$ cat model-v9.txt   # compact mmCIF, C-alpha atoms
# COMPACT_ATOMS: atom_id res chain seq x y z
CA MET A 1 56.51 -13.21 33.95
CA THR A 2 54.90 -14.14 30.69
CA SER A 3 55.74 -11.92 27.73
CA PRO A 4 52.86 -9.57 26.79
CA MET A 5 53.20 -10.49 23.12
CA ARG A 6 52.88 -14.16 24.00
CA VAL A 7 49.68 -13.30 25.91
CA LEU A 8 48.31 -11.73 22.73
CA ALA A 9 49.22 -14.79 20.71
CA ARG A 10 47.36 -17.09 23.11
CA LEU A 11 44.28 -14.86 23.09
CA THR A 12 44.23 -14.80 19.31
CA ALA A 13 44.55 -18.59 19.11
CA ALA A 14 41.58 -18.89 21.51
CA GLY A 15 39.36 -16.77 19.20
CA MET A 16 39.62 -13.67 21.36
CA THR A 17 40.91 -11.28 18.71
CA GLY A 18 41.14 -7.59 19.43
CA GLY A 19 38.40 -5.16 18.54
CA LEU A 20 40.58 -3.22 16.15
CA LEU A 21 41.16 -6.27 14.00
CA LEU A 22 37.39 -6.27 13.39
CA SER A 23 37.46 -2.53 12.76
CA GLY A 24 40.01 -2.95 9.97
CA LEU A 25 42.78 -0.73 11.39
CA THR A 26 46.36 -1.51 10.46
CA ALA A 27 48.00 0.21 13.46
CA LEU A 28 49.76 -2.19 15.79
CA PRO A 29 49.13 -2.30 19.53
CA ALA A 30 51.59 -0.82 21.98
CA ALA A 31 53.85 -3.21 23.84
CA ALA A 32 52.01 -4.68 26.81
CA ASP A 33 53.99 -3.15 29.62
CA ASP A 34 53.91 -0.10 31.85
CA ARG A 35 55.31 2.24 29.26
CA PRO A 36 53.13 5.22 28.26
CA LEU A 37 50.44 4.40 25.67
CA PRO A 38 51.08 5.60 22.11
CA ALA A 39 49.47 8.74 20.79
CA GLY A 40 45.86 8.54 19.62
CA ARG A 41 44.55 6.72 22.70
CA LYS A 42 41.80 7.95 24.99
CA ILE A 43 41.42 6.44 28.45
CA THR A 44 37.81 5.49 29.26
CA PRO A 45 37.00 4.36 32.82
CA TYR A 46 34.78 1.31 33.09
CA THR A 47 33.29 -0.90 35.84
CA VAL A 48 33.28 -4.59 34.98
CA LYS A 49 29.84 -6.19 34.69
CA PRO A 50 28.80 -9.85 34.66
CA GLY A 51 29.76 -11.52 31.36
CA ASP A 52 32.43 -8.98 30.44
CA THR A 53 35.69 -10.23 28.94
CA ALA A 54 38.83 -8.39 27.96
CA THR A 55 38.28 -9.17 24.28
CA GLY A 56 34.58 -8.27 24.39
CA LEU A 57 35.35 -4.89 25.95
CA ALA A 58 38.11 -4.27 23.41
CA VAL A 59 35.68 -4.92 20.57
CA ARG A 60 33.00 -2.72 22.13
CA PHE A 61 35.29 0.24 22.89
CA HIS A 62 37.64 -0.05 19.90
CA ALA A 63 40.77 -0.89 21.84
CA TRP A 64 43.61 -3.35 21.41
CA THR A 65 43.12 -6.40 23.64
CA ALA A 66 46.82 -6.57 24.50
CA GLU A 67 46.88 -2.88 25.48
CA LEU A 68 43.78 -3.28 27.68
CA ILE A 69 45.33 -6.30 29.43
CA SER A 70 48.75 -4.74 30.00
CA HIS A 71 47.45 -1.32 30.99
CA ASN A 72 45.27 -2.88 33.70
CA HIS A 73 47.80 -5.55 34.74
CA LEU A 74 45.31 -8.37 34.12
CA GLY A 75 48.03 -11.00 33.75
CA SER A 76 48.28 -13.92 31.35
CA THR A 77 44.70 -15.11 32.01
CA ALA A 78 43.15 -11.65 31.49
CA THR A 79 40.77 -12.35 34.39
CA LEU A 80 38.14 -9.71 35.16
CA ARG A 81 36.11 -9.47 38.38
CA VAL A 82 32.61 -8.06 38.59
CA GLY A 83 32.77 -4.54 40.00
CA GLN A 84 36.44 -4.12 39.12
CA ARG A 85 37.37 -0.65 37.91
CA ILE A 86 39.51 -0.68 34.78
CA ARG A 87 40.80 1.85 32.27
CA ILE A 88 40.23 1.11 28.59
CA PRO A 89 42.70 2.65 26.10
CA VAL A 90 40.31 3.53 23.24
CA VAL A 91 41.89 4.13 19.81
CA ARG A 92 40.42 7.45 18.71
CA ALA A 93 40.66 6.77 14.96
CA ALA A 94 38.66 3.56 15.30
CA ALA A 95 35.99 5.26 17.41
CA ARG A 96 35.63 8.09 14.89
CA ARG A 97 35.32 5.61 12.03
CA ASP A 98 32.59 3.71 13.84
CA ARG A 99 30.64 6.88 14.49
CA SER A 100 30.79 7.83 10.79
CA HIS A 101 29.30 4.42 9.86
CA PRO A 102 26.64 3.76 12.50
CA ARG A 103 25.31 0.24 12.79
CA ARG A 104 21.75 -0.38 11.68
CA THR A 105 19.43 -1.09 14.54
CA HIS A 106 15.94 -2.53 14.53
CA ALA A 107 14.25 0.45 16.11
CA ARG A 108 10.78 0.05 17.46
CA PRO A 109 8.38 1.35 14.82
CA HIS A 110 6.53 4.56 15.48
CA ARG A 111 2.96 4.07 16.64
CA LYS A 112 1.55 5.58 13.42
CA THR A 113 3.75 3.35 11.29
CA HIS A 114 2.57 0.36 13.28
CA GLN A 115 -1.05 1.41 12.76
CA ARG A 116 -0.55 1.78 9.00
CA THR A 117 1.07 -1.65 8.82
CA HIS A 118 -1.84 -3.14 10.76
CA GLN A 119 -4.35 -1.45 8.43
CA ARG A 120 -2.60 -2.75 5.31
CA THR A 121 -2.49 -6.26 6.76
CA HIS A 122 -6.20 -6.05 7.60
CA GLN A 123 -7.05 -4.84 4.09
CA ARG A 124 -5.07 -7.68 2.50
CA THR A 125 -6.87 -10.16 4.75
CA GLN A 126 -10.25 -8.73 3.76
CA ARG A 127 -9.39 -8.93 0.04
CA THR A 128 -8.25 -12.53 0.42
CA HIS A 129 -11.46 -13.35 2.29
CA ARG A 130 -13.59 -11.84 -0.46
CA GLN A 131 -11.65 -13.66 -3.16
CA HIS A 132 -12.09 -17.04 -1.49
CA ARG A 133 -15.66 -16.48 -0.30
CA PRO A 134 -17.96 -18.97 -2.05
CA ARG A 135 -20.16 -17.26 -4.58
CA ALA A 136 -23.85 -17.93 -4.92
CA HIS A 137 -24.63 -20.27 -7.78
CA THR A 138 -25.92 -18.34 -10.75
CA GLN A 139 -26.98 -19.49 -14.16
CA PRO A 140 -24.60 -18.39 -16.94
CA ARG A 141 -25.91 -15.53 -18.99
CA ARG A 142 -27.20 -16.45 -22.37
CA ALA A 143 -26.51 -14.20 -25.32
CA VAL A 144 -29.62 -12.28 -26.25
CA ARG A 145 -30.69 -13.19 -29.77
CA PRO A 146 -31.85 -10.24 -31.85
CA GLY A 147 -35.45 -10.68 -32.97
CA ARG A 148 -36.49 -10.87 -36.60
CA ALA A 149 -37.98 -7.37 -36.46
CA HIS A 150 -34.62 -5.97 -35.35
CA VAL A 151 -32.74 -7.87 -38.05
CA ARG A 152 -35.21 -6.63 -40.68
CA ARG A 153 -34.70 -3.00 -39.62
CA VAL A 154 -30.92 -3.37 -39.78
CA ILE A 155 -31.11 -4.90 -43.28
CA VAL A 156 -33.36 -2.15 -44.64
CA GLY A 157 -31.25 0.66 -43.19
CA THR A 158 -27.95 -0.85 -44.33
CA ALA A 159 -29.20 -1.57 -47.84
CA ARG A 160 -30.46 2.00 -48.27
CA ARG A 161 -27.15 3.47 -47.10
CA HIS A 162 -25.23 1.38 -49.66
CA ASP A 163 -27.60 1.82 -52.60
CA VAL A 164 -28.77 -1.81 -52.63
CA ASP A 165 -32.43 -2.79 -53.17
CA PRO A 166 -33.77 -3.28 -49.58
CA GLN A 167 -36.43 -5.76 -50.71
CA LEU A 168 -33.80 -7.88 -52.45
CA ALA A 169 -31.55 -7.87 -49.36
CA LEU A 170 -34.53 -8.85 -47.20
CA ALA A 171 -35.51 -11.65 -49.59
CA VAL A 172 -31.96 -13.07 -49.69
CA SER A 173 -31.69 -12.98 -45.88
CA TRP A 174 -35.08 -14.65 -45.44
CA GLN A 175 -34.14 -17.41 -47.89
CA GLU A 176 -30.77 -17.87 -46.18
CA SER A 177 -31.71 -17.74 -42.49
CA GLY A 178 -35.27 -16.50 -41.95
CA TRP A 179 -33.78 -13.21 -40.60
CA GLN A 180 -32.09 -15.06 -37.70
CA MET A 181 -28.59 -14.27 -36.48
CA HIS A 182 -27.95 -17.53 -34.61
CA ARG A 183 -27.97 -19.70 -37.73
CA THR A 184 -24.73 -21.34 -38.92
CA SER A 185 -24.70 -23.66 -41.93
CA SER A 186 -22.78 -26.89 -42.38
CA ALA A 187 -20.47 -24.93 -44.69
CA HIS A 188 -19.81 -22.50 -41.79
CA ALA A 189 -21.80 -19.62 -43.27
CA ILE A 190 -22.73 -17.28 -40.44
CA GLY A 191 -25.70 -15.23 -39.36
CA ALA A 192 -28.66 -13.53 -40.96
CA MET A 193 -26.94 -13.11 -44.34
CA GLN A 194 -25.12 -16.50 -44.12
CA VAL A 195 -21.71 -15.02 -44.90
CA LEU A 196 -18.69 -17.34 -45.17
CA PRO A 197 -15.63 -16.25 -43.14
CA ALA A 198 -13.57 -15.84 -46.32
CA THR A 199 -16.29 -13.64 -47.82
CA GLY A 200 -16.36 -11.62 -44.60
CA THR A 201 -12.62 -11.00 -44.96
CA TRP A 202 -13.16 -9.93 -48.58
CA MET A 203 -15.99 -7.54 -47.66
CA SER A 204 -13.89 -6.07 -44.85
CA LEU A 205 -11.76 -4.51 -47.56
CA TYR A 206 -14.84 -2.67 -48.88
CA ALA A 207 -15.96 -1.71 -45.35
CA GLY A 208 -12.51 -0.36 -44.48
CA ARG A 209 -12.38 -2.33 -41.22
CA ARG A 210 -12.53 -5.88 -39.93
CA LEU A 211 -16.13 -7.10 -39.91
CA LYS A 212 -17.28 -9.31 -37.05
CA LEU A 213 -19.75 -11.70 -38.60
CA ARG A 214 -21.24 -12.70 -35.22
CA HIS A 215 -22.44 -9.13 -34.76
CA THR A 216 -25.75 -8.33 -36.46
CA ARG A 217 -24.79 -5.03 -38.05
CA ASP A 218 -21.47 -6.32 -39.37
CA ASN A 219 -23.06 -9.52 -40.67
CA VAL A 220 -25.73 -7.57 -42.53
CA LEU A 221 -23.16 -5.09 -43.82
CA ALA A 222 -21.05 -7.93 -45.26
CA GLY A 223 -24.08 -9.41 -47.06
CA VAL A 224 -25.29 -6.08 -48.39
CA LEU A 225 -21.81 -5.12 -49.63
CA LEU A 226 -21.55 -8.49 -51.38
CA LEU A 227 -24.86 -7.91 -53.15
CA GLY A 228 -23.60 -4.52 -54.31
CA VAL A 229 -20.32 -5.97 -55.63
CA LEU A 230 -22.14 -8.78 -57.46
CA ASP A 231 -24.56 -6.27 -58.98
CA ASP A 232 -21.54 -4.52 -60.52
CA LEU A 233 -19.95 -7.77 -61.76
CA THR A 234 -22.99 -9.59 -63.23
CA ARG A 235 -25.26 -8.97 -66.21
CA SER A 236 -28.64 -9.39 -64.51
CA ARG A 237 -30.53 -9.61 -61.23
CA ARG A 238 -30.84 -13.39 -61.80
CA HIS A 239 -27.06 -13.85 -62.01
CA GLN A 240 -26.52 -11.48 -59.08
CA VAL A 241 -28.67 -13.68 -56.81
CA ALA A 242 -27.21 -16.87 -58.27
CA ALA A 243 -23.65 -15.67 -57.59
CA TYR A 244 -24.59 -14.89 -53.98
CA TYR A 245 -25.56 -18.54 -53.53
CA GLN A 246 -23.24 -20.42 -55.89
CA GLY A 247 -20.25 -18.11 -56.12
CA LEU A 248 -19.35 -15.74 -58.95
CA GLY A 249 -16.57 -17.91 -60.36
CA ALA A 250 -18.73 -21.03 -60.47
CA VAL A 251 -21.59 -19.13 -62.17
CA ARG A 252 -19.21 -17.80 -64.83
CA GLU A 253 -17.59 -21.18 -65.44
CA HIS A 254 -20.52 -23.57 -65.07
CA GLY A 255 -23.67 -21.52 -65.30
CA LEU A 256 -26.47 -22.00 -62.76
CA TYR A 257 -26.74 -25.35 -61.04
CA ARG A 258 -30.20 -26.90 -60.61
CA GLU A 259 -30.34 -26.03 -56.89
CA THR A 260 -29.14 -22.53 -57.74
CA ARG A 261 -32.05 -22.02 -60.15
CA HIS A 262 -34.45 -23.16 -57.40
CA TYR A 263 -32.77 -20.72 -54.96
CA VAL A 264 -33.15 -17.81 -57.40
CA ARG A 265 -36.87 -18.56 -57.94
CA ASN A 266 -37.49 -18.57 -54.18
CA VAL A 267 -35.69 -15.27 -53.64
CA ARG A 268 -37.61 -13.58 -56.44
CA ALA A 269 -40.93 -14.87 -55.05
CA ILE A 270 -40.09 -13.61 -51.54
CA ARG A 271 -39.09 -10.20 -52.91
CA HIS A 272 -42.34 -9.97 -54.83
CA ARG A 273 -44.38 -10.69 -51.67
CA LEU A 274 -42.42 -8.09 -49.68
CA GLU A 275 -43.00 -5.46 -52.37
CA ARG A 276 -46.76 -6.01 -52.04
CA GLY A 277 -46.55 -5.61 -48.26
CA LEU A 278 -47.08 -9.29 -47.51
CA PRO A 279 -45.08 -11.41 -45.08
CA PRO A 280 -42.14 -13.29 -46.68
CA ALA A 281 -43.76 -16.68 -46.20
$ encode --input "model-v9.txt" --output "structure tokens"
Amino acid sequence: MTSPMRVLARLTAAGMTGGLLLSGLTALPAAADDRPLPAGRKITPYTVKPGDTATGLAVRFHAWTAELISHNHLGSTATLRVGQRIRIPVVRAAARRDRSHPRRTHARPHRKTHQRTHQRTHQRTQRTHRQHRPRAHTQPRRAVRPGRAHVRRVIVGTARRHDVDPQLALAVSWQESGWQMHRTSSAHAIGAMQVLPATGTWMSLYAGRRLKLRHTRDNVLAGVLLLGVLDDLTRSRRHQVAAYYQGLGAVREHGLYRETRHYVRNVRAIRHRLERGLPPA
């Protein structure tokens, strides 16, 4: 008769290791003979079904393969017959450990959970459909240009609030841009008051915030503030207007250029017409 321990060795070499090796127990199996099973075993009756093997049943029921074979006198081949009644010596410690760490199963989702999942999937599909739906061709919106009447009102109101002659501010703006915000010079002066970006940064210090020269009110505010500063730093109205056009440093160092003198005459003539209630040109 083949030694029970040799049977175990052959089963292990064939890949049929006992269930307790997978469960991580260190207890050794009982000798595979007719001696009583060691303590801690529970006998579980079982009827063999198609596909059952000694090792598979040992893994499922937490038993030692060698003990299952010897206790049921299965012989060296451990042959099982369908319908055969056997007794499986379950190791209680292994069974308790398995119950304390249940395996995760892919349970069938509850009907409500399934409905919520379906609704979320449908909503995502609808969003994707809307995102990829071709849009009707539309003309890009054009920025609305403020009219001259609007620009004039902004200049008058801003000049009065900052104690600058409104007629002078209007005359300068008309000479510079004709009261039009969309104008930009070759020197990059911007808007109704034709303010250079560097001057806008300078006037932002007086305004206490960053001025956006593309916005009508900020553009006008920058120009009006500059007129007020130049009024404080020059000796006359003529030099105030000249410095607005030529720059204060250049006026102080070089005097008025020829084109500057022409600019000053135009501004003074426009202001005079506005004072009499006439159009600027």
$ atom_distance --input "model-v9.txt" --atom1 "CA of Gln180 in chain A" --atom2 "CA of Met193 in chain A"
8.6 Å
$ closest_residue --input "model-v9.txt" --among "A:Leu168, A:Leu213, A:Val251, A:Val220" --to "Ala198 in chain A" --atoms "all atoms listed in the file"
A:Leu213
$ closest_residue --input "model-v9.txt" --among "A:Arg152, A:Arg252, A:Lys49, A:Arg273" --to "Pro166 in chain A" --atoms "all atoms listed in the file"
A:Arg152
$ atom_distance --input "model-v9.txt" --atom1 "CA of Ile69 in chain A" --atom2 "CA of Ala54 in chain A"
7.0 Å
$ closest_residue --input "model-v9.txt" --among "A:Ile270, A:Leu225, A:Gln167, A:Gly40" --to "Leu205 in chain A" --atoms "all atoms listed in the file"
A:Leu225
$ closest_residue --input "model-v9.txt" --among "A:Ala281, A:Val164, A:Leu196, A:Leu37" --to "Trp179 in chain A" --atoms "all atoms listed in the file"
A:Ala281
$ atom_distance --input "model-v9.txt" --atom1 "CA of Val241 in chain A" --atom2 "CA of Asp165 in chain A"
12.1 Å
$ closest_residue --input "model-v9.txt" --among "A:Thr77, A:Thr44, A:Asn72, A:Thr199" --to "Arg92 in chain A" --atoms "only C-alpha atoms"
A:Thr44
$ closest_residue --input "model-v9.txt" --among "A:Ser236, A:Ser204, A:Asn219, A:Thr158" --to "Ala189 in chain A" --atoms "only C-alpha atoms"
A:Asn219
$ residues_near_point --input "model-v9.txt" --point "(-21.2, -10.6, -36.4)" --cutoff "12 Å" --atoms "all atoms listed in the file" --output "PDB file with C-alpha atoms, keeping the file's coordinate frame"
ATOM      1  CA  ARG A 145     -30.690 -13.190 -29.770  1.00  0.00           C
ATOM      2  CA  PRO A 146     -31.850 -10.240 -31.850  1.00  0.00           C
ATOM      3  CA  VAL A 151     -32.740  -7.870 -38.050  1.00  0.00           C
ATOM      4  CA  GLN A 180     -32.090 -15.060 -37.700  1.00  0.00           C
ATOM      5  CA  MET A 181     -28.590 -14.270 -36.480  1.00  0.00           C
ATOM      6  CA  HIS A 182     -27.950 -17.530 -34.610  1.00  0.00           C
ATOM      7  CA  ARG A 183     -27.970 -19.700 -37.730  1.00  0.00           C
ATOM      8  CA  THR A 184     -24.730 -21.340 -38.920  1.00  0.00           C
ATOM      9  CA  ALA A 189     -21.800 -19.620 -43.270  1.00  0.00           C
ATOM     10  CA  ILE A 190     -22.730 -17.280 -40.440  1.00  0.00           C
ATOM     11  CA  GLY A 191     -25.700 -15.230 -39.360  1.00  0.00           C
ATOM     12  CA  ALA A 192     -28.660 -13.530 -40.960  1.00  0.00           C
ATOM     13  CA  MET A 193     -26.940 -13.110 -44.340  1.00  0.00           C
ATOM     14  CA  GLN A 194     -25.120 -16.500 -44.120  1.00  0.00           C
ATOM     15  CA  VAL A 195     -21.710 -15.020 -44.900  1.00  0.00           C
ATOM     16  CA  LEU A 196     -18.690 -17.340 -45.170  1.00  0.00           C
ATOM     17  CA  PRO A 197     -15.630 -16.250 -43.140  1.00  0.00           C
ATOM     18  CA  GLY A 200     -16.360 -11.620 -44.600  1.00  0.00           C
ATOM     19  CA  ARG A 210     -12.530  -5.880 -39.930  1.00  0.00           C
ATOM     20  CA  LEU A 211     -16.130  -7.100 -39.910  1.00  0.00           C
ATOM     21  CA  LYS A 212     -17.280  -9.310 -37.050  1.00  0.00           C
ATOM     22  CA  LEU A 213     -19.750 -11.700 -38.600  1.00  0.00           C
ATOM     23  CA  ARG A 214     -21.240 -12.700 -35.220  1.00  0.00           C
ATOM     24  CA  HIS A 215     -22.440  -9.130 -34.760  1.00  0.00           C
ATOM     25  CA  THR A 216     -25.750  -8.330 -36.460  1.00  0.00           C
ATOM     26  CA  ARG A 217     -24.790  -5.030 -38.050  1.00  0.00           C
ATOM     27  CA  ASP A 218     -21.470  -6.320 -39.370  1.00  0.00           C
ATOM     28  CA  ASN A 219     -23.060  -9.520 -40.670  1.00  0.00           C
ATOM     29  CA  VAL A 220     -25.730  -7.570 -42.530  1.00  0.00           C
ATOM     30  CA  LEU A 221     -23.160  -5.090 -43.820  1.00  0.00           C
ATOM     31  CA  ALA A 222     -21.050  -7.930 -45.260  1.00  0.00           C
ATOM     32  CA  GLY A 223     -24.080  -9.410 -47.060  1.00  0.00           C
TER      33      GLY A 223
END
